[in-house]
Every structure is written in structure tokens, then in C-alpha cells.
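Participant: This one is upload.pdb, PDB, N, CA and C atoms, pLDDT in the B column.
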```
ATOM      1  N   MET Y   1     210.244  28.178  50.398  1.00 47.00           N
ATOM      2  CA  MET Y   1     209.219  29.193  50.565  1.00 47.00           C
ATOM      3  C   MET Y   1     207.980  28.755  49.800  1.00 47.00           C
ATOM      4  N   ASP Y   2     206.854  28.828  50.440  1.00 50.00           N
ATOM      5  CA  ASP Y   2     205.599  28.424  49.822  1.00 50.00           C
ATOM      6  C   ASP Y   2     204.948  29.625  49.154  1.00 50.00           C
ATOM      7  N   THR Y   3     204.661  29.489  47.883  1.00 51.00           N
ATOM      8  CA  THR Y   3     203.947  30.555  47.193  1.00 51.00           C
ATOM      9  C   THR Y   3     202.518  30.103  46.989  1.00 51.00           C
ATOM     10  N   THR Y   4     201.607  30.901  47.437  1.00 50.00           N
ATOM     11  CA  THR Y   4     200.192  30.565  47.351  1.00 50.00           C
ATOM     12  C   THR Y   4     199.671  30.933  45.972  1.00 50.00           C
ATOM     13  N   PRO Y   5     199.038  29.975  45.280  1.00 51.00           N
ATOM     14  CA  PRO Y   5     198.498  30.292  43.959  1.00 51.00           C
ATOM     15  C   PRO Y   5     197.313  31.239  44.078  1.00 51.00           C
ATOM     16  N   ALA Y   6     196.986  31.872  42.960  1.00 49.00           N
ATOM     17  CA  ALA Y   6     195.831  32.768  42.934  1.00 49.00           C
ATOM     18  C   ALA Y   6     194.580  31.982  43.309  1.00 49.00           C
ATOM     19  N   LEU Y   7     193.653  32.660  43.954  1.00 46.00           N
ATOM     20  CA  LEU Y   7     192.413  31.998  44.367  1.00 46.00           C
ATOM     21  C   LEU Y   7     191.721  31.295  43.210  1.00 46.00           C
ATOM     22  N   SER Y   8     191.821  31.845  42.010  1.00 51.00           N
ATOM     23  CA  SER Y   8     191.169  31.231  40.859  1.00 51.00           C
ATOM     24  C   SER Y   8     191.755  29.863  40.530  1.00 51.00           C
ATOM     25  N   GLU Y   9     192.953  29.560  41.034  1.00 57.00           N
ATOM     26  CA  GLU Y   9     193.598  28.277  40.777  1.00 57.00           C
ATOM     27  C   GLU Y   9     193.303  27.254  41.865  1.00 57.00           C
ATOM     28  N   TRP Y  10     192.680  27.664  42.952  1.00 52.00           N
ATOM     29  CA  TRP Y  10     192.393  26.754  44.045  1.00 52.00           C
ATOM     30  C   TRP Y  10     191.235  25.850  43.678  1.00 52.00           C
ATOM     31  N   PRO Y  11     191.225  24.617  44.205  1.00 59.00           N
ATOM     32  CA  PRO Y  11     190.088  23.743  43.940  1.00 59.00           C
ATOM     33  C   PRO Y  11     188.825  24.307  44.587  1.00 59.00           C
ATOM     34  N   VAL Y  12     187.717  24.053  43.972  1.00 58.00           N
ATOM     35  CA  VAL Y  12     186.442  24.519  44.514  1.00 58.00           C
ATOM     36  C   VAL Y  12     185.937  23.472  45.496  1.00 58.00           C
ATOM     37  N   LEU Y  13     185.742  23.903  46.732  1.00 54.00           N
ATOM     38  CA  LEU Y  13     185.223  23.000  47.752  1.00 54.00           C
ATOM     39  C   LEU Y  13     183.713  23.118  47.815  1.00 54.00           C
ATOM     40  N   PRO Y  14     183.034  22.004  47.957  1.00 53.00           N
ATOM     41  CA  PRO Y  14     181.586  22.086  48.129  1.00 53.00           C
ATOM     42  C   PRO Y  14     181.272  22.893  49.392  1.00 53.00           C
ATOM     43  N   SER Y  15     180.227  23.670  49.362  1.00 57.00           N
ATOM     44  CA  SER Y  15     179.890  24.461  50.546  1.00 57.00           C
ATOM     45  C   SER Y  15     178.455  24.191  50.964  1.00 57.00           C
ATOM     46  N   GLY Y  16     178.230  24.265  52.262  1.00 61.00           N
ATOM     47  CA  GLY Y  16     176.885  24.133  52.795  1.00 61.00           C
ATOM     48  C   GLY Y  16     176.349  22.714  52.835  1.00 61.00           C
ATOM     49  N   ASP Y  17     177.195  21.729  52.632  1.00 78.00           N
ATOM     50  CA  ASP Y  17     176.726  20.357  52.704  1.00 78.00           C
ATOM     51  C   ASP Y  17     177.748  19.509  53.463  1.00 78.00           C
ATOM     52  N   GLU Y  18     177.430  18.266  53.639  1.00 79.00           N
ATOM     53  CA  GLU Y  18     178.282  17.373  54.414  1.00 79.00           C
ATOM     54  C   GLU Y  18     179.660  17.197  53.774  1.00 79.00           C
ATOM     55  N   ASP Y  19     179.719  17.074  52.454  1.00 79.00           N
ATOM     56  CA  ASP Y  19     181.008  16.927  51.780  1.00 79.00           C
ATOM     57  C   ASP Y  19     181.892  18.140  52.033  1.00 79.00           C
ATOM     58  N   GLY Y  20     181.310  19.317  51.964  1.00 86.00           N
ATOM     59  CA  GLY Y  20     182.066  20.535  52.222  1.00 86.00           C
ATOM     60  C   GLY Y  20     182.634  20.554  53.628  1.00 86.00           C
ATOM     61  N   GLU Y  21     181.853  20.095  54.581  1.00 90.00           N
ATOM     62  CA  GLU Y  21     182.320  20.031  55.968  1.00 90.00           C
ATOM     63  C   GLU Y  21     183.495  19.073  56.100  1.00 90.00           C
ATOM     64  N   VAL Y  22     183.422  17.950  55.402  1.00 92.00           N
ATOM     65  CA  VAL Y  22     184.510  16.975  55.445  1.00 92.00           C
ATOM     66  C   VAL Y  22     185.772  17.575  54.854  1.00 92.00           C
ATOM     67  N   TYR Y  23     185.688  18.237  53.708  1.00 93.00           N
ATOM     68  CA  TYR Y  23     186.860  18.867  53.090  1.00 93.00           C
ATOM     69  C   TYR Y  23     187.457  19.930  54.004  1.00 93.00           C
ATOM     70  N   ARG Y  24     186.624  20.747  54.618  1.00 94.00           N
ATOM     71  CA  ARG Y  24     187.134  21.789  55.519  1.00 94.00           C
ATOM     72  C   ARG Y  24     187.807  21.167  56.739  1.00 94.00           C
ATOM     73  N   TRP Y  25     187.222  20.086  57.263  1.00 95.00           N
ATOM     74  CA  TRP Y  25     187.817  19.396  58.410  1.00 95.00           C
ATOM     75  C   TRP Y  25     189.167  18.811  58.018  1.00 95.00           C
ATOM     76  N   ARG Y  26     189.234  18.180  56.838  1.00 96.00           N
ATOM     77  CA  ARG Y  26     190.500  17.614  56.377  1.00 96.00           C
ATOM     78  C   ARG Y  26     191.551  18.708  56.188  1.00 96.00           C
ATOM     79  N   GLU Y  27     191.155  19.827  55.621  1.00 97.00           N
ATOM     80  CA  GLU Y  27     192.099  20.930  55.456  1.00 97.00           C
ATOM     81  C   GLU Y  27     192.638  21.366  56.817  1.00 97.00           C
ATOM     82  N   GLU Y  28     191.749  21.513  57.771  1.00 97.00           N
ATOM     83  CA  GLU Y  28     192.154  21.919  59.123  1.00 97.00           C
ATOM     84  C   GLU Y  28     193.133  20.911  59.724  1.00 97.00           C
ATOM     85  N   GLN Y  29     192.871  19.623  59.543  1.00 98.00           N
ATOM     86  CA  GLN Y  29     193.748  18.590  60.082  1.00 98.00           C
ATOM     87  C   GLN Y  29     195.134  18.643  59.452  1.00 98.00           C
ATOM     88  N   PHE Y  30     195.192  18.820  58.137  1.00 98.00           N
ATOM     89  CA  PHE Y  30     196.489  18.932  57.463  1.00 98.00           C
ATOM     90  C   PHE Y  30     197.220  20.210  57.896  1.00 98.00           C
ATOM     91  N   ARG Y  31     196.490  21.294  58.108  1.00 98.00           N
ATOM     92  CA  ARG Y  31     197.102  22.536  58.602  1.00 98.00           C
ATOM     93  C   ARG Y  31     197.697  22.314  59.984  1.00 98.00           C
ATOM     94  N   GLU Y  32     196.985  21.611  60.842  1.00 98.00           N
ATOM     95  CA  GLU Y  32     197.480  21.354  62.197  1.00 98.00           C
ATOM     96  C   GLU Y  32     198.747  20.502  62.190  1.00 98.00           C
ATOM     97  N   LEU Y  33     198.938  19.727  61.129  1.00 98.00           N
ATOM     98  CA  LEU Y  33     200.162  18.937  61.002  1.00 98.00           C
ATOM     99  C   LEU Y  33     201.342  19.785  60.537  1.00 98.00           C
ATOM    100  N   GLY Y  34     201.047  21.017  60.103  1.00 98.00           N
ATOM    101  CA  GLY Y  34     202.118  21.932  59.714  1.00 98.00           C
ATOM    102  C   GLY Y  34     202.169  22.279  58.238  1.00 98.00           C
ATOM    103  N   PHE Y  35     201.273  21.716  57.429  1.00 98.00           N
ATOM    104  CA  PHE Y  35     201.265  22.023  56.005  1.00 98.00           C
ATOM    105  C   PHE Y  35     200.745  23.448  55.782  1.00 98.00           C
ATOM    106  N   SER Y  36     201.238  24.079  54.732  1.00 97.00           N
ATOM    107  CA  SER Y  36     200.765  25.416  54.374  1.00 97.00           C
ATOM    108  C   SER Y  36     199.297  25.327  53.976  1.00 97.00           C
ATOM    109  N   ARG Y  37     198.645  26.466  53.926  1.00 96.00           N
ATOM    110  CA  ARG Y  37     197.224  26.473  53.568  1.00 96.00           C
ATOM    111  C   ARG Y  37     197.003  25.877  52.177  1.00 96.00           C
ATOM    112  N   SER Y  38     197.821  26.292  51.214  1.00 95.00           N
ATOM    113  CA  SER Y  38     197.626  25.786  49.853  1.00 95.00           C
ATOM    114  C   SER Y  38     197.887  24.286  49.769  1.00 95.00           C
ATOM    115  N   ASN Y  39     198.913  23.800  50.467  1.00 97.00           N
ATOM    116  CA  ASN Y  39     199.178  22.363  50.471  1.00 97.00           C
ATOM    117  C   ASN Y  39     198.082  21.609  51.207  1.00 97.00           C
ATOM    118  N   ALA Y  40     197.580  22.173  52.299  1.00 97.00           N
ATOM    119  CA  ALA Y  40     196.505  21.534  53.056  1.00 97.00           C
ATOM    120  C   ALA Y  40     195.240  21.413  52.213  1.00 97.00           C
ATOM    121  N   VAL Y  41     194.922  22.456  51.443  1.00 95.00           N
ATOM    122  CA  VAL Y  41     193.750  22.405  50.561  1.00 95.00           C
ATOM    123  C   VAL Y  41     193.947  21.331  49.503  1.00 95.00           C
ATOM    124  N   GLU Y  42     195.145  21.306  48.910  1.00 95.00           N
ATOM    125  CA  GLU Y  42     195.455  20.305  47.885  1.00 95.00           C
ATOM    126  C   GLU Y  42     195.299  18.894  48.443  1.00 95.00           C
ATOM    127  N   LEU Y  43     195.820  18.668  49.638  1.00 97.00           N
ATOM    128  CA  LEU Y  43     195.715  17.347  50.257  1.00 97.00           C
ATOM    129  C   LEU Y  43     194.277  17.026  50.649  1.00 97.00           C
ATOM    130  N   ALA Y  44     193.558  18.023  51.133  1.00 96.00           N
ATOM    131  CA  ALA Y  44     192.181  17.802  51.596  1.00 96.00           C
ATOM    132  C   ALA Y  44     191.269  17.329  50.483  1.00 96.00           C
ATOM    133  N   VAL Y  45     191.466  17.834  49.286  1.00 93.00           N
ATOM    134  CA  VAL Y  45     190.576  17.456  48.178  1.00 93.00           C
ATOM    135  C   VAL Y  45     191.083  16.226  47.428  1.00 93.00           C
ATOM    136  N   SER Y  46     192.254  15.738  47.813  1.00 94.00           N
ATOM    137  CA  SER Y  46     192.822  14.563  47.160  1.00 94.00           C
ATOM    138  C   SER Y  46     192.434  13.307  47.945  1.00 94.00           C
ATOM    139  N   LEU Y  47     192.988  12.192  47.522  1.00 94.00           N
ATOM    140  CA  LEU Y  47     192.766  10.934  48.227  1.00 94.00           C
ATOM    141  C   LEU Y  47     193.851  10.680  49.272  1.00 94.00           C
ATOM    142  N   ALA Y  48     194.595  11.731  49.635  1.00 97.00           N
ATOM    143  CA  ALA Y  48     195.675  11.589  50.612  1.00 97.00           C
ATOM    144  C   ALA Y  48     195.139  11.005  51.913  1.00 97.00           C
ATOM    145  N   ASP Y  49     195.899  10.081  52.469  1.00 97.00           N
ATOM    146  CA  ASP Y  49     195.524   9.390  53.700  1.00 97.00           C
ATOM    147  C   ASP Y  49     195.965  10.232  54.902  1.00 97.00           C
ATOM    148  N   LEU Y  50     195.011  10.765  55.626  1.00 97.00           N
ATOM    149  CA  LEU Y  50     195.303  11.612  56.781  1.00 97.00           C
ATOM    150  C   LEU Y  50     196.036  10.838  57.867  1.00 97.00           C
ATOM    151  N   ALA Y  51     195.678   9.577  58.074  1.00 97.00           N
ATOM    152  CA  ALA Y  51     196.364   8.761  59.082  1.00 97.00           C
ATOM    153  C   ALA Y  51     197.826   8.568  58.701  1.00 97.00           C
ATOM    154  N   GLN Y  52     198.090   8.361  57.417  1.00 98.00           N
ATOM    155  CA  GLN Y  52     199.470   8.218  56.962  1.00 98.00           C
ATOM    156  C   GLN Y  52     200.225   9.532  57.172  1.00 98.00           C
ATOM    157  N   ALA Y  53     199.570  10.647  56.896  1.00 98.00           N
ATOM    158  CA  ALA Y  53     200.188  11.953  57.104  1.00 98.00           C
ATOM    159  C   ALA Y  53     200.560  12.131  58.572  1.00 98.00           C
ATOM    160  N   ARG Y  54     199.655  11.779  59.454  1.00 98.00           N
ATOM    161  CA  ARG Y  54     199.932  11.889  60.890  1.00 98.00           C
ATOM    162  C   ARG Y  54     201.121  11.023  61.283  1.00 98.00           C
ATOM    163  N   HIS Y  55     201.149   9.797  60.761  1.00 98.00           N
ATOM    164  CA  HIS Y  55     202.246   8.873  61.074  1.00 98.00           C
ATOM    165  C   HIS Y  55     203.579   9.413  60.558  1.00 98.00           C
ATOM    166  N   LEU Y  56     203.598   9.899  59.333  1.00 98.00           N
ATOM    167  CA  LEU Y  56     204.823  10.436  58.758  1.00 98.00           C
ATOM    168  C   LEU Y  56     205.372  11.592  59.588  1.00 98.00           C
ATOM    169  N   ILE Y  57     204.496  12.547  59.916  1.00 98.00           N
ATOM    170  CA  ILE Y  57     204.931  13.721  60.674  1.00 98.00           C
ATOM    171  C   ILE Y  57     205.381  13.327  62.077  1.00 98.00           C
ATOM    172  N   ALA Y  58     204.626  12.433  62.723  1.00 98.00           N
ATOM    173  CA  ALA Y  58     204.988  11.986  64.076  1.00 98.00           C
ATOM    174  C   ALA Y  58     206.314  11.233  64.082  1.00 98.00           C
ATOM    175  N   SER Y  59     206.659  10.622  62.953  1.00 98.00           N
ATOM    176  CA  SER Y  59     207.915   9.873  62.836  1.00 98.00           C
ATOM    177  C   SER Y  59     209.093  10.761  62.486  1.00 98.00           C
ATOM    178  N   GLY Y  60     208.835  12.057  62.311  1.00 98.00           N
ATOM    179  CA  GLY Y  60     209.909  12.997  62.038  1.00 98.00           C
ATOM    180  C   GLY Y  60     210.146  13.282  60.560  1.00 98.00           C
ATOM    181  N   CYS Y  61     209.252  12.828  59.712  1.00 98.00           N
ATOM    182  CA  CYS Y  61     209.372  13.083  58.281  1.00 98.00           C
ATOM    183  C   CYS Y  61     209.209  14.576  58.007  1.00 98.00           C
ATOM    184  N   ALA Y  62     210.078  15.124  57.167  1.00 98.00           N
ATOM    185  CA  ALA Y  62     209.983  16.540  56.799  1.00 98.00           C
ATOM    186  C   ALA Y  62     208.697  16.778  56.011  1.00 98.00           C
ATOM    187  N   LEU Y  63     208.112  17.958  56.180  1.00 97.00           N
ATOM    188  CA  LEU Y  63     206.855  18.284  55.501  1.00 97.00           C
ATOM    189  C   LEU Y  63     206.975  18.153  53.986  1.00 97.00           C
ATOM    190  N   ARG Y  64     208.084  18.615  53.444  1.00 97.00           N
ATOM    191  CA  ARG Y  64     208.270  18.570  51.986  1.00 97.00           C
ATOM    192  C   ARG Y  64     208.232  17.121  51.485  1.00 97.00           C
ATOM    193  N   LEU Y  65     208.938  16.226  52.203  1.00 98.00           N
ATOM    194  CA  LEU Y  65     208.948  14.813  51.823  1.00 98.00           C
ATOM    195  C   LEU Y  65     207.583  14.178  52.050  1.00 98.00           C
ATOM    196  N   ALA Y  66     206.948  14.506  53.157  1.00 98.00           N
ATOM    197  CA  ALA Y  66     205.608  13.976  53.444  1.00 98.00           C
ATOM    198  C   ALA Y  66     204.633  14.386  52.333  1.00 98.00           C
ATOM    199  N   LEU Y  67     204.731  15.615  51.881  1.00 97.00           N
ATOM    200  CA  LEU Y  67     203.864  16.089  50.799  1.00 97.00           C
ATOM    201  C   LEU Y  67     204.092  15.280  49.532  1.00 97.00           C
ATOM    202  N   GLN Y  68     205.346  14.990  49.218  1.00 97.00           N
ATOM    203  CA  GLN Y  68     205.655  14.174  48.035  1.00 97.00           C
ATOM    204  C   GLN Y  68     205.097  12.762  48.175  1.00 97.00           C
ATOM    205  N   ILE Y  69     205.212  12.185  49.341  1.00 97.00           N
ATOM    206  CA  ILE Y  69     204.720  10.832  49.584  1.00 97.00           C
ATOM    207  C   ILE Y  69     203.197  10.791  49.481  1.00 97.00           C
ATOM    208  N   LEU Y  70     202.541  11.791  50.041  1.00 97.00           N
ATOM    209  CA  LEU Y  70     201.068  11.814  50.082  1.00 97.00           C
ATOM    210  C   LEU Y  70     200.429  12.205  48.758  1.00 97.00           C
ATOM    211  N   SER Y  71     201.170  12.918  47.922  1.00 91.00           N
ATOM    212  CA  SER Y  71     200.590  13.424  46.671  1.00 91.00           C
ATOM    213  C   SER Y  71     200.591  12.398  45.561  1.00 91.00           C
TER     214      SER Y  71
END
```
What's the C-alpha cells form of this structure?

Facilitator:
Amino acid sequence: MDTTPALSEWPVLPSGDEDGEVYRWREEQFRELGFSRSNAVELAVSLADLAQARHLIASGCALRLALQILS
């Protein structure tokens, strides 16, 4: 079960600029792969490789394991 941390614990995403758009797009991509919102935000602001995430999920890797590999 995924427990979402309080909003005050979430990373601050840049807003209104190109970097903010990239972070939001990355979050959306990780969400589409099946990650929870909090995990998607965490991955979006990290150096996690989105292509690797796609490959892992497409290969049948469980989300929990994929998150460990990407983090």
C-alpha cells in the first residue's frame, strides 16, 4: 500500500518555466507506467532514466522492484 507523504514533504517543482514543464512531463510519464503519484514525483525530480523505466516495466518487472532499481 502506498502512503502519500504530506504535501510539505514533497519536492518543490519549478513552475512556469521550461524546467517545470520537463518535471511535470516526466511525472506524467512515470504515472503512465503505473507508479503512484508520490513515486512518480520522486522519480521525476531524480536522475532516474525514463527509458530504463519503460524497458523494465515492458519486460515485466514489478513496480516495486523497478522503483528500487531506478532510485

Participant: Quick one: pull the distance between CA of Ser71 (chain Y) and CA of Gly20 (chain Y), Å, one decimal.

Facilitator: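 Spanning CA of Ser71 (chain Y) to CA of Gly20 (chain Y) is a straight-line distance of 20.6 Å.
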
Participant: Env of region 63-70 of chain Y: 7 Å cut, atoms = all atoms listed in the file, seq-sep filter 2 positions within chain, self excluded. Answer as number ranges by chain.

Facilitator: Y: 34-35, 47-49, 53, 56-57, 60-61

Participant: What is the distance, in Å and to one decimal place, between atom C of Glu27 (chain Y) and atom N of Val45 (chain Y)?

Facilitator: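 Answer for the atom C of Glu27 (chain Y) to atom N of Val45 (chain Y) separation: 8.4 Å.
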
Participant: Any chance you could work out the residue set of the PyMOL selection byres (((chain Y and resi 25 and name CA) around 12) and name CA) here, as a list in words?

Facilitator: Leu13, Glu18, Asp19, Gly20, Glu21, Val22, Tyr23, Arg24, Arg26, Glu27, Glu28, Gln29, Phe30, Arg31, Glu32, Ala40, Val41, Leu43, Ala44, Val45 and Leu50 of chain Y
